[in-house]
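What follows is the content of final_27.txt, which has compact mmCIF, C-alpha atoms:
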```
# COMPACT_ATOMS: atom_id res chain seq x y z
CA MET A 194 -19.65 -16.72 95.10
CA THR A 195 -19.52 -17.65 91.44
CA ALA A 196 -16.54 -19.33 89.81
CA THR A 197 -15.83 -16.15 87.86
CA ALA A 198 -15.70 -14.04 91.03
CA THR A 199 -13.29 -16.33 92.90
CA ALA A 200 -10.96 -17.36 90.07
CA THR A 201 -7.46 -15.86 90.07
CA VAL A 202 -6.00 -17.65 87.06
CA ARG A 203 -6.41 -16.67 83.41
CA ALA A 204 -5.08 -18.67 80.46
CA ASP A 205 -4.30 -17.67 76.90
CA CYS A 206 -4.56 -20.62 74.49
CA ALA A 207 -2.80 -21.21 71.18
CA ALA A 208 -3.04 -24.13 68.75
CA ASP A 209 -0.41 -25.27 66.28
CA PRO A 210 -0.98 -27.10 62.96
CA ALA A 211 0.08 -30.44 64.48
CA GLY A 212 -2.74 -30.25 67.03
CA ALA A 213 -0.78 -29.25 70.14
CA LEU A 214 -2.35 -26.74 72.54
CA THR A 215 -0.30 -24.30 74.60
CA PHE A 216 -1.77 -22.70 77.73
CA ASP A 217 -0.06 -19.52 78.98
CA LEU A 218 -1.29 -18.72 82.48
CA ALA A 219 -1.22 -15.53 84.48
CA ALA A 220 -1.99 -16.16 88.13
CA ALA A 221 -2.16 -14.06 91.29
CA PRO A 222 -0.84 -15.22 93.61
CA ALA A 223 1.48 -17.47 91.56
CA PRO A 224 1.03 -21.21 92.16
CA GLY A 225 3.77 -23.20 93.86
CA PRO A 226 6.57 -24.96 91.94
CA GLU A 227 4.74 -28.32 91.76
CA ALA A 228 1.44 -26.96 90.50
CA VAL A 229 -0.17 -28.54 87.42
CA LEU A 230 -2.85 -27.62 84.93
CA LEU A 231 -5.66 -30.05 85.72
CA LEU A 232 -8.17 -31.07 83.06
CA ARG A 233 -11.22 -32.80 84.53
CA ARG A 234 -13.71 -34.61 82.30
CA ARG A 235 -17.37 -33.84 82.97
CA GLY A 236 -19.57 -36.74 83.92
CA ALA A 237 -16.62 -39.08 84.42
CA ALA A 238 -15.55 -39.07 88.06
CA GLY A 239 -11.82 -39.46 88.48
CA THR A 240 -11.00 -38.95 84.79
CA THR A 241 -8.29 -36.28 84.77
CA VAL A 242 -5.25 -35.17 82.81
CA ARG A 243 -2.43 -33.34 84.57
CA LEU A 244 -0.04 -31.12 82.61
CA PRO A 245 3.17 -29.79 84.22
CA LEU A 246 3.44 -26.01 84.56
CA THR A 247 6.76 -24.31 83.86
CA SER A 248 7.69 -20.70 84.50
CA THR A 249 8.19 -18.52 81.40
CA ALA A 250 8.37 -15.11 83.15
CA PRO A 251 7.53 -13.67 86.57
CA GLY A 252 3.88 -14.52 87.20
CA ARG A 253 3.61 -16.46 83.93
CA LEU A 254 3.33 -20.24 83.61
CA ARG A 255 2.98 -22.53 80.61
CA ALA A 256 1.49 -25.98 80.02
CA VAL A 257 1.44 -27.90 76.74
CA LEU A 258 -1.06 -30.55 75.68
CA PRO A 259 0.71 -32.56 72.94
CA PRO A 260 -1.33 -34.03 70.07
CA SER A 261 -0.36 -37.55 71.18
CA ALA A 262 -1.81 -37.13 74.70
CA ASP A 263 -4.57 -39.55 75.65
CA VAL A 264 -7.58 -37.26 76.19
CA PRO A 265 -10.86 -39.19 75.70
CA GLU A 266 -13.79 -37.61 73.89
CA GLY A 267 -15.90 -35.22 75.96
CA ARG A 268 -15.88 -31.83 77.66
CA TRP A 269 -13.06 -31.02 80.07
CA ASP A 270 -12.90 -28.20 82.63
CA ALA A 271 -9.56 -26.54 83.39
CA TYR A 272 -8.13 -25.90 86.88
CA VAL A 273 -4.78 -25.23 88.53
CA GLU A 274 -4.01 -27.87 91.14
CA GLU A 275 -1.45 -27.16 93.87
CA PRO A 276 0.02 -29.66 96.34
CA GLY A 277 -1.59 -29.34 99.77
CA SER A 278 -4.52 -27.26 98.50
CA GLU A 279 -7.96 -28.68 99.20
CA HIS A 280 -9.60 -27.14 96.12
CA PRO A 281 -8.12 -26.50 92.66
CA ARG A 282 -8.25 -22.96 91.31
CA THR A 283 -10.66 -22.19 88.48
CA VAL A 284 -9.13 -21.03 85.20
CA LEU A 285 -10.68 -18.21 83.17
CA PRO A 286 -10.31 -17.96 79.37
CA GLY A 287 -7.96 -15.34 77.97
CA LEU A 288 -6.99 -14.88 74.34
CA ARG A 289 -7.59 -17.89 72.11
CA ASP A 290 -5.43 -18.10 68.98
CA LEU A 291 -7.02 -21.01 67.14
CA ARG A 292 -6.21 -20.01 63.55
CA ALA A 293 -4.25 -23.23 63.05
CA LEU A 294 -7.44 -25.25 63.64
CA VAL A 295 -9.42 -23.60 60.85
CA ASP A 296 -9.92 -25.95 57.87
CA ARG A 297 -7.62 -28.61 59.26
CA THR A 298 -6.74 -31.29 56.71
CA PRO A 299 -5.07 -34.29 58.33
CA ASP A 300 -3.68 -37.04 56.11
CA THR A 301 -6.64 -39.15 54.98
CA GLY A 302 -4.68 -42.28 55.89
CA THR A 303 -4.72 -41.25 59.56
CA ALA A 304 -6.34 -44.07 61.53
CA THR A 305 -7.47 -41.86 64.44
CA VAL A 306 -8.58 -38.23 64.23
CA ARG A 307 -8.21 -36.13 67.39
CA SER A 308 -9.57 -32.63 67.73
CA ARG A 309 -9.35 -30.33 70.79
CA VAL A 310 -10.94 -26.88 70.94
CA PRO A 311 -10.62 -24.57 73.99
CA TYR A 312 -13.75 -22.52 74.64
CA PRO A 313 -15.43 -20.30 77.27
CA THR A 314 -18.30 -21.86 79.20
CA LEU A 315 -21.56 -19.98 79.74
CA ASP A 316 -20.52 -19.18 83.31
CA GLY A 317 -17.14 -17.81 82.26
CA ARG A 318 -14.69 -20.68 82.79
CA LEU A 319 -12.13 -22.24 80.46
CA ALA A 320 -13.03 -25.65 79.06
CA LEU A 321 -11.84 -27.99 76.34
CA ARG A 322 -13.99 -29.89 73.83
CA CYS A 323 -12.29 -33.08 72.67
CA TRP A 324 -13.16 -35.57 69.94
CA VAL A 325 -11.53 -38.91 69.21
CA ARG A 326 -12.82 -40.66 66.09
CA ALA A 327 -11.41 -43.81 64.48
CA PRO A 328 -12.34 -43.91 61.65
CA HIS A 329 -13.91 -40.52 60.92
CA ALA A 330 -16.30 -39.03 58.34
CA GLU A 331 -15.81 -35.26 58.27
CA GLY A 332 -18.84 -33.36 57.01
CA GLY A 333 -18.27 -30.51 54.56
CA ALA A 334 -20.44 -28.36 52.31
CA ILE A 335 -24.21 -28.75 52.68
CA ARG A 336 -26.64 -27.63 49.99
CA VAL A 337 -30.38 -27.45 50.60
CA GLY A 338 -32.60 -28.14 47.61
CA PRO A 339 -36.36 -27.89 47.21
CA SER A 340 -36.99 -31.43 48.52
CA GLY A 341 -33.85 -32.56 50.27
CA MET A 342 -30.19 -31.93 51.07
CA SER A 343 -26.85 -32.74 49.46
CA ALA A 344 -23.59 -32.97 51.40
CA GLU A 345 -19.92 -33.61 50.82
CA GLY A 346 -17.12 -34.68 53.10
CA GLU A 347 -13.83 -36.45 53.64
CA LEU A 348 -13.01 -39.88 55.03
CA TYR A 349 -10.18 -40.57 57.46
CA GLY A 350 -8.93 -44.06 58.15
CA ILE A 351 -11.35 -45.69 55.68
CA GLU A 352 -12.23 -45.65 52.00
CA ALA A 353 -15.64 -45.90 50.40
CA GLY A 354 -16.15 -49.17 48.54
CA GLU A 355 -18.85 -51.19 46.87
CA GLY A 356 -22.23 -50.83 48.52
CA ALA A 357 -21.33 -47.63 50.39
CA VAL A 358 -24.40 -45.80 51.72
CA VAL A 359 -25.51 -43.10 54.12
CA GLU A 360 -28.14 -44.11 56.64
CA ALA A 361 -30.59 -41.77 58.32
CA ARG A 362 -31.58 -43.34 61.64
CA LEU A 363 -34.29 -42.30 64.08
CA PRO A 364 -33.07 -43.11 67.63
CA GLY A 365 -35.40 -45.40 69.57
CA GLU A 366 -37.06 -46.69 66.42
CA PRO A 367 -34.71 -49.27 64.82
CA ALA A 368 -37.18 -49.99 62.03
CA ARG A 369 -37.04 -46.35 60.89
CA VAL A 370 -33.93 -46.35 58.69
CA HIS A 371 -33.57 -44.71 55.29
CA ARG A 372 -30.54 -45.38 53.03
CA VAL A 373 -29.15 -43.41 50.09
CA PRO A 374 -26.08 -44.30 48.00
CA LEU A 375 -22.70 -42.73 48.68
CA THR A 376 -20.91 -41.37 45.63
CA ALA A 377 -17.59 -39.78 44.77
CA SER A 378 -17.98 -36.04 45.04
CA GLY A 379 -16.08 -35.13 41.88
CA GLN A 380 -14.33 -32.34 43.79
CA PRO A 381 -10.56 -32.42 44.47
CA GLY A 382 -9.81 -33.37 48.09
CA VAL A 383 -13.41 -34.32 48.86
CA GLY A 384 -13.91 -38.02 49.52
CA PHE A 385 -17.67 -38.58 49.52
CA ALA A 386 -21.01 -37.07 48.58
CA PHE A 387 -24.66 -37.97 48.97
CA THR A 388 -28.15 -36.61 48.39
CA LEU A 389 -30.87 -37.25 50.94
CA PRO A 390 -34.54 -36.58 50.09
CA TYR A 391 -36.72 -35.58 53.02
CA ALA A 392 -40.00 -37.22 52.00
CA PRO A 393 -39.08 -40.80 53.13
CA LEU A 394 -38.12 -39.48 56.57
CA ALA A 395 -41.56 -37.91 56.96
CA GLY A 396 -43.35 -41.06 55.80
CA GLY A 397 -44.37 -41.96 59.35
CA PRO A 398 -46.37 -39.73 61.69
CA VAL A 399 -44.43 -36.67 62.91
CA THR A 400 -46.25 -35.58 66.06
CA GLU A 401 -43.18 -34.15 67.80
CA GLU A 402 -39.62 -33.17 66.94
CA GLN A 403 -37.57 -35.96 65.38
CA LEU A 404 -33.78 -35.85 65.06
CA TRP A 405 -32.60 -38.22 62.34
CA ARG A 406 -28.89 -39.02 62.79
CA LEU A 407 -26.73 -39.53 59.71
CA TRP A 408 -24.26 -42.42 59.50
CA LEU A 409 -21.89 -43.43 56.72
CA ILE A 410 -21.39 -47.12 55.93
CA PRO A 411 -18.25 -47.30 53.74
CA SER A 412 -18.99 -50.73 52.25
CA ALA A 413 -21.53 -53.53 52.50
CA GLY A 414 -21.41 -55.06 55.99
CA ALA A 415 -18.91 -52.49 57.36
CA LYS A 416 -19.32 -50.69 60.67
CA ALA A 417 -21.25 -47.42 60.51
CA VAL A 418 -19.34 -44.17 61.03
CA ARG A 419 -20.99 -41.04 62.42
CA ILE A 420 -20.87 -38.03 60.07
CA SER A 421 -19.60 -35.05 62.07
CA ARG A 422 -17.73 -31.79 61.53
CA ILE A 423 -14.93 -31.41 64.06
CA LEU A 424 -11.82 -30.28 62.15
CA ASP A 425 -11.88 -26.56 62.84
CA ASP A 426 -12.22 -24.12 65.76
CA VAL A 427 -16.00 -24.45 66.34
CA TRP A 428 -16.71 -26.30 69.59
CA SER A 429 -20.50 -26.40 69.12
CA ARG A 430 -22.38 -25.95 65.85
CA GLU A 431 -25.83 -26.55 67.31
CA LYS A 432 -26.94 -22.91 67.28
CA THR A 433 -24.33 -21.27 65.03
CA PHE A 434 -24.76 -23.25 61.79
CA VAL A 435 -28.32 -22.69 60.61
CA TYR A 436 -29.75 -24.05 57.35
CA PRO A 437 -33.07 -23.33 55.61
CA SER A 438 -36.08 -25.54 56.24
CA ARG A 439 -38.22 -27.21 53.59
CA ARG A 440 -41.87 -28.21 53.91
CA VAL A 441 -42.62 -31.88 53.18
CA ALA A 442 -45.57 -34.21 53.80
CA ASP A 443 -48.47 -32.87 55.88
CA GLY A 444 -46.72 -29.58 56.51
CA VAL A 445 -43.74 -31.18 58.29
CA LEU A 446 -40.62 -29.00 58.25
CA ALA A 447 -37.25 -30.66 57.56
CA THR A 448 -33.93 -28.96 58.30
CA PRO A 449 -30.27 -30.10 58.23
CA CYS A 450 -28.62 -29.35 61.56
CA TYR A 451 -25.76 -30.19 63.88
CA THR A 452 -26.00 -31.40 67.46
CA ALA A 453 -24.08 -29.85 70.34
CA ALA A 454 -21.46 -32.56 69.69
CA ASN A 455 -21.18 -31.41 66.02
CA ASP A 456 -22.85 -34.53 64.63
CA LEU A 457 -24.86 -34.07 61.42
CA CYS A 458 -28.63 -34.68 61.57
CA VAL A 459 -31.93 -33.83 59.91
CA ARG A 460 -34.57 -32.31 62.19
CA LEU A 461 -38.26 -32.88 61.50
CA VAL A 462 -40.90 -30.85 63.29
CA PRO A 463 -44.70 -30.93 62.92
CA GLY A 464 -46.12 -28.12 60.89
CA THR A 465 -49.42 -26.94 59.52
CA ALA A 466 -50.55 -28.03 56.09
```
Would you write out, as structure tokens, the structure that this file holds?
Amino acid sequence: MTATATATVRADCAADPAGALTFDLAAAPAPGPEAVLLLRRRGAAGTTVRLPLTSTAPGRLRAVLPPSADVPEGRWDAYVEEPGSEHPRTVLPGLRDLRALVDRTPDTGTATVRSRVPYPTLDGRLALRCWVRAPHAEGGAIRVGPSGMSAEGELYGIEAGEGAVVEARLPGEPARVHRVPLTASGQPGVGFAFTLPYAPLAGGPVTEEQLWRLWLIPSAGAKAVRISRILDDVWSREKTFVYPSRRVADGVLATPCYTAANDLCVRLVPGTA
């Protein structure tokens, strides 16, 4: 049977402004007194986080994931694990109160940014999307012009200095790199801005889809930082944030987009002239 059909645990989730997540579980039958909420990271055998469950009412249990907890970046599936049980019990998503995650604004001096967003999987289970970025470049407003894109954002744990640039990189082709200068945005609370024309990206042959990844280099010789948007309640922007396309060389279409991991990119696809 499917996980949805056999699961007997449902969890409501709530986030607070500090980044803590509270899981309120209703289970039938109720787990034993030493049961825990088990978070298991996908694709990383043996990587788990166990959160104690405490009773809050008959048939109701609570677990809290504090903001300081060590939860590496990735996707985590939720289960209830009971001593002596061979298989953990699948957890279904209930209500998700994530208002505190919307437009989060951590202190820009924060060295490490952590973001955790509970979400329902396609097959109806509860999962958690986690990011850990140190330092972090948070993408903001994107504007699409006739021949390129402009974007703003905020820096966490770093400051932009002399020689700061944004690099568009084509994976697998290290020679295909295009740089544009990073500037102050001029907007209160917004730490960086840049304008990226599409034509240089389409300068080589575009015979299949190309996904140019955008990196921020805060100063000459500094380590590149991935530009992403993770400080809200959206666990995957890949199909929900859609921007207009523009036609460039030889009919190629260029479009700003996000990956499933919420990393900012420019997608090129072949077109007709």
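Our summary of the geometry notes that CA of Leu407 (chain A) is positioned 17.0 Å from CA of Val462 (chain A).
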Contacts of Ala392 (chain A) at 9 Å (only C-alpha atoms; same-chain gap of 2+ positions) as a list in words: Ser340, Gly341, Pro390, Leu394, Ala395, Gly396, Val441 and Ala442 of chain A
Close residues, Ala213 (chain A) itself excluded, 9 Å, only C-alpha atoms, min 2 positions apart in chain, as an mmCIF file with C-alpha atoms, in the frame of the given file:
```cif
data_model
loop_
_atom_site.group_PDB
_atom_site.id
_atom_site.type_symbol
_atom_site.label_atom_id
_atom_site.label_comp_id
_atom_site.auth_asym_id
_atom_site.auth_seq_id
_atom_site.Cartn_x
_atom_site.Cartn_y
_atom_site.Cartn_z
ATOM 1 C CA ALA A 207 -2.800 -21.210 71.180
ATOM 2 C CA ALA A 208 -3.040 -24.130 68.750
ATOM 3 C CA ASP A 209 -0.410 -25.270 66.280
ATOM 4 C CA PRO A 210 -0.980 -27.100 62.960
ATOM 5 C CA ALA A 211 0.080 -30.440 64.480
ATOM 6 C CA THR A 215 -0.300 -24.300 74.600
ATOM 7 C CA VAL A 257 1.440 -27.900 76.740
ATOM 8 C CA LEU A 258 -1.060 -30.550 75.680
ATOM 9 C CA PRO A 259 0.710 -32.560 72.940
ATOM 10 C CA PRO A 260 -1.330 -34.030 70.070
ATOM 11 C CA SER A 261 -0.360 -37.550 71.180
ATOM 12 C CA ARG A 309 -9.350 -30.330 70.790
#
```
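Using all atoms listed in the file, the smallest distance between any of A:Val399, A:Val310, A:Ile351, A:Leu446 and Val427 (chain A) comes from A:Val310.
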- prompt: So, counting all atoms listed in the file, which residue among A:Val242, A:Ala220, A:Val295, A:Leu404 is closest to Tyr451 (chain A)?
  reply: A:Leu404
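One distance worth recording is that between CA of Asp300 (chain A) and CA of Phe216 (chain A), which is 26.0 Å.
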field: Gap from CA of Pro281 (chain A) to CA of Ala453 (chain A) - Å, one decimal
entry: 27.6 Å
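Minimum atom-to-atom distances from A:Asp270, A:Arg255, A:Gly414, A:Thr376 to Leu319 (chain A) were compared using all atoms listed in the file, and the lowest value belongs to A:Asp270.
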task: Just the residues within 10 Å of Ala320 (chain A), please, counting all atoms listed in the file, with nothing from its chain fewer than 5 positions along; format it as number ranges by chain.
output: A: 232-234, 268-272, 284-286, 310-314
What would the file look like if the residues just selected were written as a short mmCIF file (atom, residue, chain, number, x, y, z; two decimals), in the coordinates of the input with C-alpha atoms?
```cif
data_model
loop_
_atom_site.label_atom_id
_atom_site.label_comp_id
_atom_site.auth_asym_id
_atom_site.auth_seq_id
_atom_site.Cartn_x
_atom_site.Cartn_y
_atom_site.Cartn_z
CA LEU A 232 -8.17 -31.07 83.06
CA ARG A 233 -11.22 -32.80 84.53
CA ARG A 234 -13.71 -34.61 82.30
CA ARG A 268 -15.88 -31.83 77.66
CA TRP A 269 -13.06 -31.02 80.07
CA ASP A 270 -12.90 -28.20 82.63
CA ALA A 271 -9.56 -26.54 83.39
CA TYR A 272 -8.13 -25.90 86.88
CA VAL A 284 -9.13 -21.03 85.20
CA LEU A 285 -10.68 -18.21 83.17
CA PRO A 286 -10.31 -17.96 79.37
CA VAL A 310 -10.94 -26.88 70.94
CA PRO A 311 -10.62 -24.57 73.99
CA TYR A 312 -13.75 -22.52 74.64
CA PRO A 313 -15.43 -20.30 77.27
CA THR A 314 -18.30 -21.86 79.20
#
```
task: Please identify all polymer residues within 12 Å of Phe387 (chain A), counting all atoms listed in the file, omitting same-chain residues fewer than 4 positions from it, and present them as a count of residues only.
output: 31
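Across A:Val418, A:Ala237, A:Ala353, A:Leu315, the tightest approach to Ala327 (chain A) is made by A:Val418 when counting only C-alpha atoms.
With all atoms listed in the file as the basis for measurement, A:Arg289 is the residue among A:Arg422, A:Arg243, A:Arg289, A:Arg369 that approaches Asp217 (chain A) most closely.
Restricting the calculation to all atoms listed in the file, the smallest distance between Gly225 (chain A) and any of A:Ala238, A:Glu275, A:Ala204, A:Glu266 is found for A:Glu275.
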Can you tell me, as lines of an AutoDock Vina configuration file, the centre and edge lengths (Å, one decimal) of the axis-aligned box enclosing all of region 354-373 of chain A's listed atoms after padding each side by 5 Å?
```
center_x = -26.7
center_y = -46.5
center_z = 58.2
size_x = 31.0
size_y = 19.4
size_z = 32.7
```
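If you count all atoms listed in the file and ignore residues fewer than 5 places along the chain from Trp324 (chain A), what sits within 8 Å of it is Pro265, Glu266, Gly267, Val306, Arg307, Ser308, Arg309 and Ile423 of chain A.
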Dump of region 277-288 of chain A from preceding block, all heavy atoms, as a PDB file, in the first residue's frame:
```
ATOM      1  N   GLY A 277      11.710  -0.655  19.658  1.00  0.00           N
ATOM      2  CA  GLY A 277      11.218  -2.011  19.425  1.00  0.00           C
ATOM      3  C   GLY A 277      10.440  -2.180  18.143  1.00  0.00           C
ATOM      4  O   GLY A 277      10.116  -3.305  17.760  1.00  0.00           O
ATOM      5  N   SER A 278      10.140  -1.069  17.438  1.00  0.00           N
ATOM      6  CA  SER A 278       9.391  -1.177  16.185  1.00  0.00           C
ATOM      7  C   SER A 278      10.368  -1.300  15.021  1.00  0.00           C
ATOM      8  O   SER A 278      11.358  -0.571  14.942  1.00  0.00           O
ATOM      9  CB  SER A 278       8.498   0.049  15.989  1.00  0.00           C
ATOM     10  OG  SER A 278       7.831  -0.004  14.748  1.00  0.00           O
ATOM     11  N   GLU A 279      10.085  -2.234  14.123  1.00  0.00           N
ATOM     12  CA  GLU A 279      10.999  -2.470  13.008  1.00  0.00           C
ATOM     13  C   GLU A 279      10.979  -1.334  11.995  1.00  0.00           C
ATOM     14  O   GLU A 279      12.013  -1.007  11.399  1.00  0.00           O
ATOM     15  CB  GLU A 279      10.631  -3.789  12.318  1.00  0.00           C
ATOM     16  CG  GLU A 279      11.574  -4.178  11.192  1.00  0.00           C
ATOM     17  CD  GLU A 279      11.215  -5.523  10.582  1.00  0.00           C
ATOM     18  OE1 GLU A 279      10.299  -6.196  11.102  1.00  0.00           O
ATOM     19  OE2 GLU A 279      11.850  -5.889   9.569  1.00  0.00           O
ATOM     20  N   HIS A 280       9.819  -0.714  11.791  1.00  0.00           N
ATOM     21  CA  HIS A 280       9.693   0.339  10.788  1.00  0.00           C
ATOM     22  C   HIS A 280       9.114   1.596  11.426  1.00  0.00           C
ATOM     23  O   HIS A 280       8.127   1.525  12.170  1.00  0.00           O
ATOM     24  CB  HIS A 280       8.794  -0.107   9.634  1.00  0.00           C
ATOM     25  CG  HIS A 280       9.299  -1.328   8.925  1.00  0.00           C
ATOM     26  ND1 HIS A 280      10.424  -1.310   8.131  1.00  0.00           N
ATOM     27  CD2 HIS A 280       8.828  -2.613   8.904  1.00  0.00           C
ATOM     28  CE1 HIS A 280      10.623  -2.523   7.642  1.00  0.00           C
ATOM     29  NE2 HIS A 280       9.680  -3.327   8.096  1.00  0.00           N
ATOM     30  N   PRO A 281       9.695   2.768  11.138  1.00  0.00           N
ATOM     31  CA  PRO A 281       9.102   4.012  11.645  1.00  0.00           C
ATOM     32  C   PRO A 281       7.783   4.308  10.948  1.00  0.00           C
ATOM     33  O   PRO A 281       7.511   3.810   9.850  1.00  0.00           O
ATOM     34  CB  PRO A 281      10.158   5.062  11.310  1.00  0.00           C
ATOM     35  CG  PRO A 281      10.912   4.491  10.157  1.00  0.00           C
ATOM     36  CD  PRO A 281      10.905   3.002  10.344  1.00  0.00           C
ATOM     37  N   ARG A 282       6.956   5.094  11.575  1.00  0.00           N
ATOM     38  CA  ARG A 282       5.637   5.431  11.043  1.00  0.00           C
ATOM     39  C   ARG A 282       5.720   6.715  10.220  1.00  0.00           C
ATOM     40  O   ARG A 282       6.291   7.721  10.640  1.00  0.00           O
ATOM     41  CB  ARG A 282       4.642   5.596  12.196  1.00  0.00           C
ATOM     42  CG  ARG A 282       4.406   4.292  12.946  1.00  0.00           C
ATOM     43  CD  ARG A 282       3.810   4.509  14.324  1.00  0.00           C
ATOM     44  NE  ARG A 282       2.439   4.987  14.262  1.00  0.00           N
ATOM     45  CZ  ARG A 282       1.711   5.235  15.359  1.00  0.00           C
ATOM     46  NH1 ARG A 282       2.230   5.052  16.560  1.00  0.00           N
ATOM     47  NH2 ARG A 282       0.473   5.660  15.240  1.00  0.00           N
ATOM     48  N   THR A 283       5.149   6.679   9.039  1.00  0.00           N
ATOM     49  CA  THR A 283       5.138   7.847   8.159  1.00  0.00           C
ATOM     50  C   THR A 283       4.307   8.969   8.772  1.00  0.00           C
ATOM     51  O   THR A 283       3.293   8.724   9.423  1.00  0.00           O
ATOM     52  CB  THR A 283       4.546   7.463   6.793  1.00  0.00           C
ATOM     53  OG1 THR A 283       5.338   6.417   6.231  1.00  0.00           O
ATOM     54  CG2 THR A 283       4.530   8.637   5.841  1.00  0.00           C
ATOM     55  N   VAL A 284       4.739  10.199   8.553  1.00  0.00           N
ATOM     56  CA  VAL A 284       4.017  11.366   9.058  1.00  0.00           C
ATOM     57  C   VAL A 284       3.390  12.112   7.880  1.00  0.00           C
ATOM     58  O   VAL A 284       4.052  12.390   6.870  1.00  0.00           O
ATOM     59  CB  VAL A 284       4.960  12.307   9.832  1.00  0.00           C
ATOM     60  CG1 VAL A 284       4.200  13.543  10.322  1.00  0.00           C
ATOM     61  CG2 VAL A 284       5.598  11.576  11.013  1.00  0.00           C
ATOM     62  N   LEU A 285       2.111  12.427   8.016  1.00  0.00           N
ATOM     63  CA  LEU A 285       1.391  13.194   7.004  1.00  0.00           C
ATOM     64  C   LEU A 285       1.371  14.672   7.395  1.00  0.00           C
ATOM     65  O   LEU A 285       1.382  15.007   8.580  1.00  0.00           O
ATOM     66  CB  LEU A 285      -0.050  12.700   6.877  1.00  0.00           C
ATOM     67  CG  LEU A 285      -0.267  11.246   6.477  1.00  0.00           C
ATOM     68  CD1 LEU A 285      -1.761  10.964   6.373  1.00  0.00           C
ATOM     69  CD2 LEU A 285       0.419  10.946   5.168  1.00  0.00           C
ATOM     70  N   PRO A 286       1.333  15.582   6.407  1.00  0.00           N
ATOM     71  CA  PRO A 286       1.276  17.007   6.736  1.00  0.00           C
ATOM     72  C   PRO A 286      -0.121  17.426   7.164  1.00  0.00           C
ATOM     73  O   PRO A 286      -1.118  17.017   6.564  1.00  0.00           O
ATOM     74  CB  PRO A 286       1.675  17.689   5.415  1.00  0.00           C
ATOM     75  CG  PRO A 286       1.288  16.701   4.357  1.00  0.00           C
ATOM     76  CD  PRO A 286       1.457  15.334   4.962  1.00  0.00           C
ATOM     77  N   GLY A 287      -0.189  18.236   8.214  1.00  0.00           N
ATOM     78  CA  GLY A 287      -1.434  18.851   8.637  1.00  0.00           C
ATOM     79  C   GLY A 287      -1.416  20.329   8.281  1.00  0.00           C
ATOM     80  O   GLY A 287      -0.975  20.714   7.192  1.00  0.00           O
ATOM     81  N   LEU A 288      -1.859  21.175   9.195  1.00  0.00           N
ATOM     82  CA  LEU A 288      -1.811  22.613   8.971  1.00  0.00           C
ATOM     83  C   LEU A 288      -0.372  23.097   9.051  1.00  0.00           C
ATOM     84  O   LEU A 288       0.422  22.621   9.871  1.00  0.00           O
ATOM     85  CB  LEU A 288      -2.668  23.333  10.021  1.00  0.00           C
ATOM     86  CG  LEU A 288      -4.161  22.981  10.032  1.00  0.00           C
ATOM     87  CD1 LEU A 288      -4.854  23.700  11.180  1.00  0.00           C
ATOM     88  CD2 LEU A 288      -4.814  23.334   8.703  1.00  0.00           C
TER      89      LEU A 288
END
```
